[in-house]
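The data block below is upload-v3.tsv; it holds TSV, C-alpha atoms and all ligand atoms.
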chain	number	residue	atom	x	y	z
A	254	MET	CA	142.13	119.15	41.03
A	255	SER	CA	144.31	121.46	43.09
A	256	LYS	CA	144.76	120.62	46.76
A	257	ARG	CA	143.09	123.79	47.88
A	258	HIS	CA	139.81	122.67	46.33
A	259	LEU	CA	139.57	119.44	48.27
A	260	SER	CA	136.79	119.35	50.83
A	261	GLN	CA	137.65	118.61	54.46
A	262	GLN	CA	136.05	115.17	54.03
A	263	GLN	CA	138.19	114.40	50.97
A	264	THR	CA	141.39	115.56	52.66
A	265	LYS	CA	140.59	113.43	55.69
A	266	ARG	CA	139.97	110.36	53.50
A	267	ILE	CA	143.26	110.84	51.65
A	268	HIS	CA	145.13	111.16	54.96
A	269	GLN	CA	143.45	108.01	56.25
A	270	GLN	CA	144.32	106.00	53.14
A	271	HIS	CA	147.89	107.28	53.36
A	272	ALA	CA	148.19	106.27	57.02
A	273	LEU	CA	146.84	102.81	56.23
A	274	ARG	CA	149.32	102.37	53.35
A	275	ILE	CA	152.25	103.32	55.58
A	276	ALA	CA	151.00	101.03	58.32
A	277	LYS	CA	150.73	98.10	55.91
A	278	LYS	CA	154.34	98.51	54.78
A	279	ASP	CA	155.60	98.53	58.33
A	280	LYS	CA	157.46	95.55	59.76
A	281	VAL	CA	155.03	95.20	62.61
A	282	PHE	CA	152.66	93.66	60.07
A	283	ASP	CA	155.06	90.78	59.47
A	284	ALA	CA	154.21	89.55	62.92
A	285	THR	CA	151.79	86.68	62.66
A	286	ASN	CA	148.97	87.25	65.09
A	287	LEU	CA	148.10	90.80	64.20
A	288	SER	CA	144.74	91.68	62.72
A	289	GLU	CA	144.38	93.88	59.65
A	290	PRO	CA	144.96	97.60	60.32
A	291	GLN	CA	141.75	99.21	61.49
A	292	HIS	CA	140.56	102.54	62.80
A	293	GLY	CA	140.09	103.34	66.46
A	294	LEU	CA	139.42	106.12	68.92
A	295	ILE	CA	141.59	106.75	71.97
A	296	ILE	CA	139.32	106.79	75.00
A	297	ALA	CA	141.98	106.99	77.71
A	298	HIS	CA	145.71	107.23	78.19
A	299	TYR	CA	147.60	105.53	81.01
A	300	GLY	CA	151.32	106.26	80.98
A	301	SER	CA	152.72	104.10	78.23
A	302	GLN	CA	149.46	102.37	77.35
A	303	LEU	CA	146.31	103.54	75.64
A	304	GLU	CA	142.75	102.36	75.66
A	305	VAL	CA	141.41	102.22	72.13
A	306	LYS	CA	137.88	101.62	70.95
A	307	GLY	CA	137.64	100.00	67.51
A	308	THR	CA	135.58	102.08	65.11
A	309	ASP	CA	135.58	99.70	62.14
A	310	GLY	CA	136.77	96.27	61.07
A	311	GLU	CA	137.01	93.04	63.02
A	312	HIS	CA	137.05	94.67	66.45
A	313	ILE	CA	134.48	97.39	65.99
A	314	ASN	CA	133.13	98.71	69.32
A	315	GLU	CA	135.59	96.62	71.33
A	316	VAL	CA	137.90	98.35	73.82
A	317	TRP	CA	141.54	97.22	73.72
A	318	ARG	CA	144.61	98.10	75.74
A	319	CYS	CA	147.26	99.14	73.25
A	320	HIS	CA	150.95	99.90	73.09
A	321	LEU	CA	152.00	102.62	70.78
A	322	ARG	CA	154.82	102.56	68.33
A	323	SER	CA	157.75	104.61	69.53
A	324	ASN	CA	157.98	106.82	66.44
A	325	LEU	CA	154.54	108.33	67.11
A	326	GLU	CA	154.11	111.73	68.67
A	327	ALA	CA	152.26	112.00	71.98
A	328	LEU	CA	148.74	110.71	71.48
A	329	VAL	CA	145.82	111.97	73.46
A	330	THR	CA	142.25	111.10	74.41
A	331	GLY	CA	139.99	111.84	71.44
A	332	ASP	CA	142.62	111.05	68.82
A	333	THR	CA	141.63	108.79	65.94
A	334	VAL	CA	144.28	106.23	65.05
A	335	VAL	CA	145.16	103.17	63.01
A	336	TRP	CA	145.74	100.11	65.21
A	337	GLN	CA	146.07	96.35	65.00
A	338	ALA	CA	144.99	93.71	67.46
A	339	ASP	CA	147.27	90.90	68.61
A	340	ASN	CA	144.54	88.32	69.12
A	341	THR	CA	146.81	85.87	70.93
A	342	ASN	CA	148.16	88.24	73.56
A	343	LYS	CA	145.00	90.32	73.72
A	344	ILE	CA	146.85	93.57	73.29
A	345	GLY	CA	146.88	96.04	70.44
A	346	VAL	CA	149.44	98.29	68.81
A	347	VAL	CA	148.71	101.79	67.59
A	348	THR	CA	150.62	102.40	64.37
A	349	ALA	CA	149.47	105.77	63.06
A	350	LEU	CA	147.76	108.95	64.14
A	351	LEU	CA	145.04	110.32	61.85
A	352	PRO	CA	144.77	114.09	61.32
A	353	ARG	CA	143.33	116.09	64.23
A	354	ASN	CA	140.68	118.77	63.86
A	355	SER	CA	141.67	120.39	67.13
A	356	LEU	CA	143.95	119.89	70.10
A	357	LEU	CA	143.40	121.41	73.53
A	358	THR	CA	146.66	121.76	75.46
A	359	ARG	CA	147.68	123.11	78.82
A	360	PRO	CA	150.98	123.61	80.59
A	361	ASP	CA	151.70	121.11	83.36
A	362	ALA	CA	153.54	121.72	86.62
A	363	TYR	CA	156.84	120.83	84.97
A	364	GLN	CA	156.92	123.67	82.45
A	365	LYS	CA	155.85	121.38	79.64
A	366	VAL	CA	152.85	121.72	77.37
A	367	LYS	CA	150.53	118.77	77.84
A	368	PRO	CA	147.81	117.76	75.39
A	369	VAL	CA	144.42	117.42	77.11
A	370	ALA	CA	142.14	116.11	74.38
A	371	ALA	CA	141.83	116.08	70.59
A	372	ASN	CA	139.04	116.53	68.05
A	373	ILE	CA	136.85	118.50	70.45
A	374	SER	CA	133.99	120.56	69.07
A	375	LEU	CA	132.89	122.30	72.28
A	376	ILE	CA	134.54	123.04	75.63
A	377	LEU	CA	132.25	123.08	78.66
A	378	ILE	CA	133.72	125.32	81.35
A	379	VAL	CA	132.01	124.16	84.53
A	380	ILE	CA	131.67	126.38	87.59
A	381	ALA	CA	129.57	126.05	90.73
A	382	PRO	CA	128.60	128.13	93.78
A	383	LEU	CA	131.11	125.91	95.59
A	384	PRO	CA	134.07	125.77	95.07
A	385	THR	CA	133.90	129.55	94.58
A	386	PRO	CA	134.44	130.39	90.90
A	387	SER	CA	137.45	132.37	89.77
A	388	THR	CA	136.89	134.79	86.89
A	389	ASP	CA	140.64	134.76	86.33
A	390	LEU	CA	140.49	131.00	85.69
A	391	ILE	CA	137.46	131.40	83.39
A	392	ASP	CA	139.30	134.10	81.41
A	393	ARG	CA	142.28	131.78	81.05
A	394	TYR	CA	140.10	128.97	79.75
A	395	LEU	CA	138.46	131.36	77.29
A	396	VAL	CA	141.85	132.49	76.00
A	397	ALA	CA	142.96	128.87	75.64
A	398	CYS	CA	139.72	127.97	73.79
A	399	ASP	CA	140.17	130.90	71.44
A	400	SER	CA	143.82	130.03	70.76
A	401	VAL	CA	142.83	126.57	69.53
A	402	GLY	CA	139.65	127.74	67.81
A	403	ILE	CA	137.19	125.71	69.89
A	404	PRO	CA	133.96	127.37	71.10
A	405	ALA	CA	133.21	127.42	74.83
A	406	LEU	CA	130.01	127.14	76.85
A	407	LEU	CA	129.90	128.21	80.49
A	408	ILE	CA	127.99	125.90	82.81
A	409	LEU	CA	126.91	126.94	86.27
A	410	ASN	CA	126.33	123.58	87.96
A	411	LYS	CA	124.92	122.95	91.48
A	412	SER	CA	122.19	125.52	90.93
A	413	ASP	CA	120.46	123.86	93.91
A	414	LEU	CA	123.13	125.56	96.06
A	415	LEU	CA	122.19	129.05	94.90
A	416	ASN	CA	120.89	131.17	97.77
A	417	ASN	CA	120.36	134.81	98.69
A	418	ASP	CA	124.03	135.21	99.54
A	419	ASN	CA	125.51	134.02	96.24
A	420	ARG	CA	122.75	134.16	93.60
A	421	ASP	CA	123.07	137.79	92.51
A	422	GLU	CA	126.83	137.71	92.27
A	423	LEU	CA	126.90	134.53	90.16
A	424	HIS	CA	124.10	135.70	87.88
A	425	HIS	CA	125.88	139.02	87.43
A	426	MET	CA	129.07	137.21	86.51
A	427	LEU	CA	127.33	135.03	83.90
A	428	ALA	CA	125.54	138.10	82.51
A	429	GLU	CA	128.92	139.80	82.02
A	430	TYR	CA	130.20	136.84	80.01
A	431	ARG	CA	126.94	136.67	78.04
A	432	ALA	CA	127.42	140.34	77.12
A	433	LEU	CA	130.83	139.39	75.69
A	434	GLY	CA	129.19	136.69	73.57
A	435	TYR	CA	129.69	133.58	75.71
A	436	ASP	CA	126.62	131.43	76.22
A	437	SER	CA	125.87	129.88	79.57
A	438	LEU	CA	123.57	127.33	81.16
A	439	GLU	CA	122.49	127.06	84.77
A	440	LEU	CA	121.71	123.56	85.97
A	441	SER	CA	122.04	120.94	88.67
A	442	CYS	CA	123.00	117.30	88.54
A	443	PHE	CA	119.88	116.66	90.57
A	444	GLY	CA	117.67	118.55	88.10
A	445	ASP	CA	116.82	118.63	84.42
A	446	LEU	CA	119.81	118.36	82.05
A	447	SER	CA	117.81	118.43	78.81
A	448	ALA	CA	119.05	121.93	77.86
A	449	LEU	CA	122.64	120.71	78.14
A	450	ALA	CA	121.87	117.44	76.34
A	451	ALA	CA	120.39	119.44	73.44
A	452	GLN	CA	123.51	121.61	73.14
A	453	ILE	CA	125.96	118.72	73.05
A	454	GLN	CA	124.25	116.08	70.92
A	455	ASP	CA	126.51	114.84	68.05
A	456	LYS	CA	129.40	116.87	69.48
A	457	THR	CA	132.61	115.79	71.15
A	458	VAL	CA	132.67	117.90	74.28
A	459	VAL	CA	135.17	118.15	77.10
A	460	PHE	CA	134.26	119.11	80.68
A	461	VAL	CA	136.89	121.35	82.27
A	462	GLY	CA	137.03	123.36	85.48
A	463	GLN	CA	138.08	123.36	89.11
A	464	SER	CA	138.05	120.15	91.08
A	465	GLY	CA	134.72	119.51	92.78
A	466	VAL	CA	132.45	121.54	90.47
A	467	GLY	CA	130.70	118.33	89.37
A	468	LYS	CA	132.18	117.45	85.97
A	469	SER	CA	132.09	113.70	86.57
A	470	SER	CA	128.66	113.96	88.19
A	471	LEU	CA	127.33	115.61	85.01
A	472	VAL	CA	128.87	112.88	82.85
A	473	ASN	CA	127.28	110.22	85.05
A	474	VAL	CA	123.82	111.74	84.75
A	475	LEU	CA	124.12	112.26	80.99
A	476	LEU	CA	125.53	108.76	80.43
A	477	PRO	CA	124.59	106.52	83.38
A	478	HIS	CA	126.78	103.68	82.07
A	479	ALA	CA	129.87	105.94	82.35
A	480	LEU	CA	130.02	105.40	86.12
A	481	GLN	CA	132.77	107.93	86.69
A	482	ARG	CA	133.94	107.99	90.30
A	483	VAL	CA	132.74	111.18	92.00
A	484	ASN	CA	133.76	112.80	95.20
A	485	GLU	CA	131.64	111.24	97.96
A	486	ILE	CA	128.81	113.30	99.40
A	487	SER	CA	130.25	112.73	102.89
A	488	ASP	CA	132.88	115.29	102.00
A	489	ASN	CA	131.16	118.29	103.55
A	490	SER	CA	133.61	120.82	102.25
A	491	GLN	CA	132.47	120.17	98.64
A	492	LEU	CA	135.89	121.45	97.71
A	493	GLY	CA	138.28	119.97	95.25
A	494	GLN	CA	139.70	116.56	96.04
A	495	HIS	CA	140.93	115.72	92.55
A	496	THR	CA	138.73	112.67	92.28
A	497	THR	CA	139.22	112.24	88.54
A	498	THR	CA	142.84	111.57	87.62
A	499	THR	CA	142.65	110.53	83.97
A	500	THR	CA	141.02	112.23	81.01
A	501	ARG	CA	138.49	109.74	79.66
A	502	LEU	CA	136.17	109.71	76.66
A	503	PHE	CA	132.66	108.25	76.74
A	504	PRO	CA	131.05	107.74	73.34
A	505	MET	CA	127.39	108.75	73.06
A	506	THR	CA	125.06	106.55	71.07
A	507	ASN	CA	124.39	109.25	68.45
A	508	GLY	CA	128.05	109.67	67.47
A	509	GLY	CA	129.15	112.41	69.85
A	510	ALA	CA	131.26	111.90	72.96
A	511	LEU	CA	131.75	113.26	76.47
A	512	ILE	CA	135.29	113.72	77.76
A	513	ASP	CA	135.74	114.02	81.52
A	514	SER	CA	138.99	115.66	82.62
A	515	PRO	CA	140.69	116.05	86.01
A	516	GLY	CA	139.98	119.29	87.86
A	517	ILE	CA	142.65	121.93	88.00
A	518	ARG	CA	143.56	124.78	90.33
A	519	GLU	CA	145.57	126.88	87.96
A	520	PHE	CA	145.75	127.27	84.24
A	521	GLY	CA	149.04	128.71	83.08
A	522	VAL	CA	149.15	130.56	79.77
A	523	TRP	CA	152.89	131.03	79.40
A	524	HIS	CA	152.79	128.67	76.40
A	525	LEU	CA	150.71	131.24	74.51
A	526	ASN	CA	152.25	134.28	72.86
A	527	GLU	CA	151.21	137.91	73.37
A	528	GLN	CA	149.10	137.91	70.21
A	529	GLN	CA	147.18	134.79	71.20
A	530	ILE	CA	146.47	136.16	74.68
A	531	GLN	CA	145.34	139.53	73.34
A	532	GLN	CA	143.05	137.95	70.74
A	533	GLY	CA	141.52	135.78	73.48
A	534	PHE	CA	139.98	138.92	75.01
A	535	ILE	CA	137.49	139.18	72.20
A	536	GLU	CA	135.88	142.47	73.26
A	537	PHE	CA	139.27	144.24	73.15
A	538	ARG	CA	139.96	143.32	69.53
A	539	PRO	CA	138.54	146.50	67.97
A	540	LEU	CA	140.67	148.57	70.38
A	541	TYR	CA	144.06	147.02	69.69
A	542	GLY	CA	146.10	149.29	67.49
A	543	THR	CA	144.21	152.41	68.56
A	544	CYS	CA	146.47	153.18	71.55
A	545	ARG	CA	148.88	156.09	71.14
A	546	PHE	CA	151.89	153.77	71.15
A	547	ARG	CA	151.99	150.82	68.78
A	548	ASN	CA	153.70	148.64	71.38
A	549	CYS	CA	151.43	149.82	74.23
A	550	SER	CA	151.38	147.39	77.13
A	551	HIS	CA	148.02	148.80	78.30
A	552	GLN	CA	149.38	149.50	81.77
A	553	SER	CA	150.76	152.97	82.34
A	554	GLU	CA	151.18	154.51	78.90
A	555	PRO	CA	149.35	157.76	78.14
A	556	ASN	CA	146.40	157.60	75.73
A	557	CYS	CA	145.96	153.88	76.06
A	558	ALA	CA	142.66	153.11	74.31
A	559	ILE	CA	142.02	150.01	76.39
A	560	LYS	CA	142.66	151.72	79.73
A	561	LEU	CA	140.43	154.58	78.63
A	562	ALA	CA	137.67	152.14	77.63
A	563	ALA	CA	137.93	150.52	81.08
A	564	GLU	CA	137.72	153.93	82.80
A	565	GLN	CA	134.68	154.86	80.74
A	566	GLY	CA	132.94	151.55	81.49
A	567	GLN	CA	133.02	150.24	77.92
A	568	ILE	CA	135.05	147.23	78.98
A	569	LEU	CA	135.35	145.53	82.37
A	570	PRO	CA	138.38	146.70	84.37
A	571	ARG	CA	138.72	143.19	85.79
A	572	ARG	CA	139.13	141.81	82.24
A	573	LEU	CA	141.91	144.32	81.57
A	574	ALA	CA	143.58	143.27	84.84
A	575	SER	CA	143.23	139.65	83.72
A	576	LEU	CA	144.82	140.44	80.36
A	577	ASN	CA	147.75	142.18	82.03
A	578	ARG	CA	148.34	139.27	84.43
A	579	MET	CA	148.44	136.84	81.50
A	580	LEU	CA	150.71	139.05	79.39
A	581	ALA	CA	153.11	139.40	82.33
A	582	GLU	CA	153.13	135.62	82.74
A	583	SER	CA	153.81	135.01	79.07
A	584	LYS	CA	156.66	137.56	79.12
A	585	THR	CA	158.48	135.95	82.06
A	586	ALA	CA	158.16	132.46	80.51
B	601	LIG	N1	124.49	120.01	95.50
B	601	LIG	C1	125.03	119.55	94.39
B	601	LIG	N2	126.14	118.78	94.47
B	601	LIG	C2	126.68	118.32	93.32
B	601	LIG	C3	126.11	118.61	92.05
B	601	LIG	N3	126.90	118.03	91.11
B	601	LIG	C4	127.89	117.41	91.78
B	601	LIG	N4	127.78	117.57	93.11
B	601	LIG	C5	128.65	117.05	94.17
B	601	LIG	O1	129.91	117.71	94.09
B	601	LIG	C6	130.96	116.81	94.49
B	601	LIG	C7	132.06	116.79	93.45
B	601	LIG	O2	131.55	116.22	92.25
B	601	LIG	P1	132.50	115.55	91.14
B	601	LIG	O3	131.59	115.16	90.04
B	601	LIG	O4	133.37	114.51	91.72
B	601	LIG	O5	133.39	116.82	90.73
B	601	LIG	P2	134.52	116.90	89.59
B	601	LIG	O6	134.38	118.24	88.95
B	601	LIG	O7	134.44	115.73	88.70
B	601	LIG	O8	135.86	116.88	90.47
B	601	LIG	P3	137.34	116.36	90.01
B	601	LIG	O9	137.19	115.00	89.41
B	601	LIG	O10	138.12	116.35	91.28
B	601	LIG	O11	137.85	117.37	89.05
B	601	LIG	C8	130.27	115.46	94.72
B	601	LIG	O12	130.06	115.30	96.10
B	601	LIG	C9	128.96	115.59	93.96
B	601	LIG	O13	127.95	114.78	94.51
B	601	LIG	C10	124.93	119.42	92.00
B	601	LIG	O14	124.38	119.74	90.95
B	601	LIG	N5	124.46	119.85	93.20
B	602	MG	MG	135.79	114.29	88.25
B	603	ZN	ZN	147.12	150.42	75.37
Spell out the structure here as C-alpha cells.
Ligand SMILES: Nc1nc2c(ncn2[C@@H]2O[C@H](COP(=O)(O)OP(=O)(O)OP(=O)(O)O)[C@@H](O)[C@H]2O)c(=O)[nH]1
Ligand SMILES: [Mg+2]
Ligand SMILES: [Zn+2]
Amino acid sequence: MSKRHLSQQQTKRIHQQHALRIAKKDKVFDATNLSEPQHGLIIAHYGSQLEVKGTDGEHINEVWRCHLRSNLEALVTGDTVVWQADNTNKIGVVTALLPRNSLLTRPDAYQKVKPVAANISLILIVIAPLPTPSTDLIDRYLVACDSVGIPALLILNKSDLLNNDNRDELHHMLAEYRALGYDSLELSCFGDLSALAAQIQDKTVVFVGQSGVGKSSLVNVLLPHALQRVNEISDNSQLGQHTTTTTRLFPMTNGGALIDSPGIREFGVWHLNEQQIQQGFIEFRPLYGTCRFRNCSHQSEPNCAIKLAAEQGQILPRRLASLNRMLAESKTA
C-alpha cells in the first residue's frame, strides 16, 4: 500500500512503533532501574524538567518529573512522548517525541519563537469587559490560529461586569467577528458554563488572552480539581498581574484536556511571513490578487481592491489597519 493511502491513525501507529523501536535500542535502556518504554503526555514544562502523565503501561495515570534526552527538540505541554521511569530515583526520562497534530507558537521577548502547546484542537481566545479588550490582539491571535490551522472560539468572560457603558460596544465587537465566521460565547465564571463545556468536550483546548481575563478561573470552574492559582479578588484593578506563569495541561475525564496559559500583553507576528498574515484575514482572501498592482501593499497604491472595499464598507477599515500593522512588523523583522 502506498504511503499516501495510509489513514492518519495508521500513520500515527507506525510512527509510535518506530519511536519505541529506536528508544529500545538506545543505551539509556541498559541502565538497570528503568521501566519499559511507555507513552506519556507532557502536562507542564519547568526549565529543564518536564511533568509527564503516563498514558499506558506500568505507570498509567501517574505524574512523573522527567528529564529529557539532550538530542530531543524542544518539547512542549500537550506533546505525547515515549518515556521510562527510574523507579529507584523516582524520576523519569523522556526518550522520544511522537508526531504532533498541531503546534501553537509565539515569539518571546528575546526574538525567539517559543512553542506554547501541542496537539490542540481548539483555541479559546478569552476577553472580558476588564481588562479592556484589544481588537488588534484578537486579530493577531486569529492570524496565529489560522497559520497553524487550529480553529478559534472567542469567549467574552465576566459577563456579570457588562453594564450600560460597555455592553453595546462589546456586543458590537463580537457581532463583527461573528460576521467574519468566528463563533463566540458570552459567560461568567460565576454563572452557567454548560455552553462552553459542550463546545470543548473531547477536545484539547488552550485558553489564551490578556492577563486577568479569567482563564485560570474558567479552568477552575470547569475542573474543580485543577486548583489553578487565580488573581485574588482583593485586587480591585482587575487588571493583569500575570498570575499564571507556566502553561499547564489538565486532562478531562472524557479524554479531552484544558490547557491554561500565562496571560500576555502583546503578540508579535514577525515570525509569520506576508502570505500567512494575509491569509489570516479570512474575509480579504477573495480580494487578494484583484488590486491593480500584483505586489500591492494595500496602503497608498491606486486601485487597491482592499482599500476600496474598506471605503465602501464591505470590509472593516480597522481590520485593514490591523493587517497593515502586522505586515509592517513582519517586514522589519
Ligand atoms: N467579575 C468576575 N470576575 C472574574 C470572572 N472570572 C474571573 N474573575 C476574576 O478576575 C481575576 C483574574 O482571574 P484569573 O483567572 O487569575 O485571570 P487569568 O486570565 O488566568 O490571568 P493570568 O494568569 O495572569 O493570565 C480574578 O480576581 C478572578 O476572580 C468573572 O466571570 N466575573
Ligand atoms: Mg491564569
Ligand atoms: Zn491592494
For region 504-516 of chain A: contacts at 9 Å, only C-alpha atoms, fewer than 5 positions along chain excluded, given as a count of residues only: 33
Proximity to ligand LIG 601 (chain B) - best of A:His424, A:Arg547, A:Lys411, A:Arg538, all atoms listed in the file: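 The answer is A:Lys411, which sits nearest to ligand LIG 601 (chain B).
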Close residues, Leu580 (chain A) itself excluded, 12 Å, only C-alpha atoms, min 6 positions apart in chain, as a ChimeraX atom specification: /A:393,396,521-534,549-552,573-574,586
Selection: 9 Å around region 386-389 of chain A, all atoms listed in the file, excl. self and same-chain fewer than 4 positions, as a ChimeraX atom specification: /A:380-382,393-394,423,426,463,571-572,575
Closest of A:Glu554, A:Glu326, A:Asp445, A:Glu304 to ligand LIG 601 (chain B) - atom-to-atom distances counting all atoms listed in the file: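 Smallest separation from ligand LIG 601 (chain B) among the options: A:Asp445.
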Among listed residues A:Trp336, A:Phe443, A:Phe520, A:Tyr430, nearest Thr348 (chain A) (using all atoms listed in the file):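 Among the listed residues, A:Trp336 lies closest to Thr348 (chain A).
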Best match for closeness to ligand ZN 603 (chain B) among A:Ser553, A:Gln565, A:Thr385, A:Gln263, counting only C-alpha atoms and all ligand atoms: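 Among A:Ser553, A:Gln565, A:Thr385, A:Gln263, it is A:Ser553 that comes nearest to ligand ZN 603 (chain B).
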d(CA of Leu350 (chain A), CA of Val335 (chain A)) in Å: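 Calculated distance between CA of Leu350 (chain A) and CA of Val335 (chain A) is 6.4 Å.
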Distance of atom O7 of ligand LIG 601 (chain B) from CA of Ala479 (chain A), expressed in Å to one decimal place: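 Between these atoms lies a distance of 12.5 Å.
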Residue with smallest distance to Thr308 (chain A) - pool A:Leu294, A:Ala432, A:Leu357, A:Leu540, counting only C-alpha atoms: A:Leu294
Atomic distance CA of Leu375 (chain A) - CA of Gln452 (chain A), expressed in Å with one decimal: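 Separation between CA of Leu375 (chain A) and CA of Gln452 (chain A): 9.4 Å.
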Nearest to ligand LIG 601 (chain B), chosen from A:Gly444, A:Pro539, A:Pro477, A:Pro352, with all atoms listed in the file counted in the distances: A:Gly444
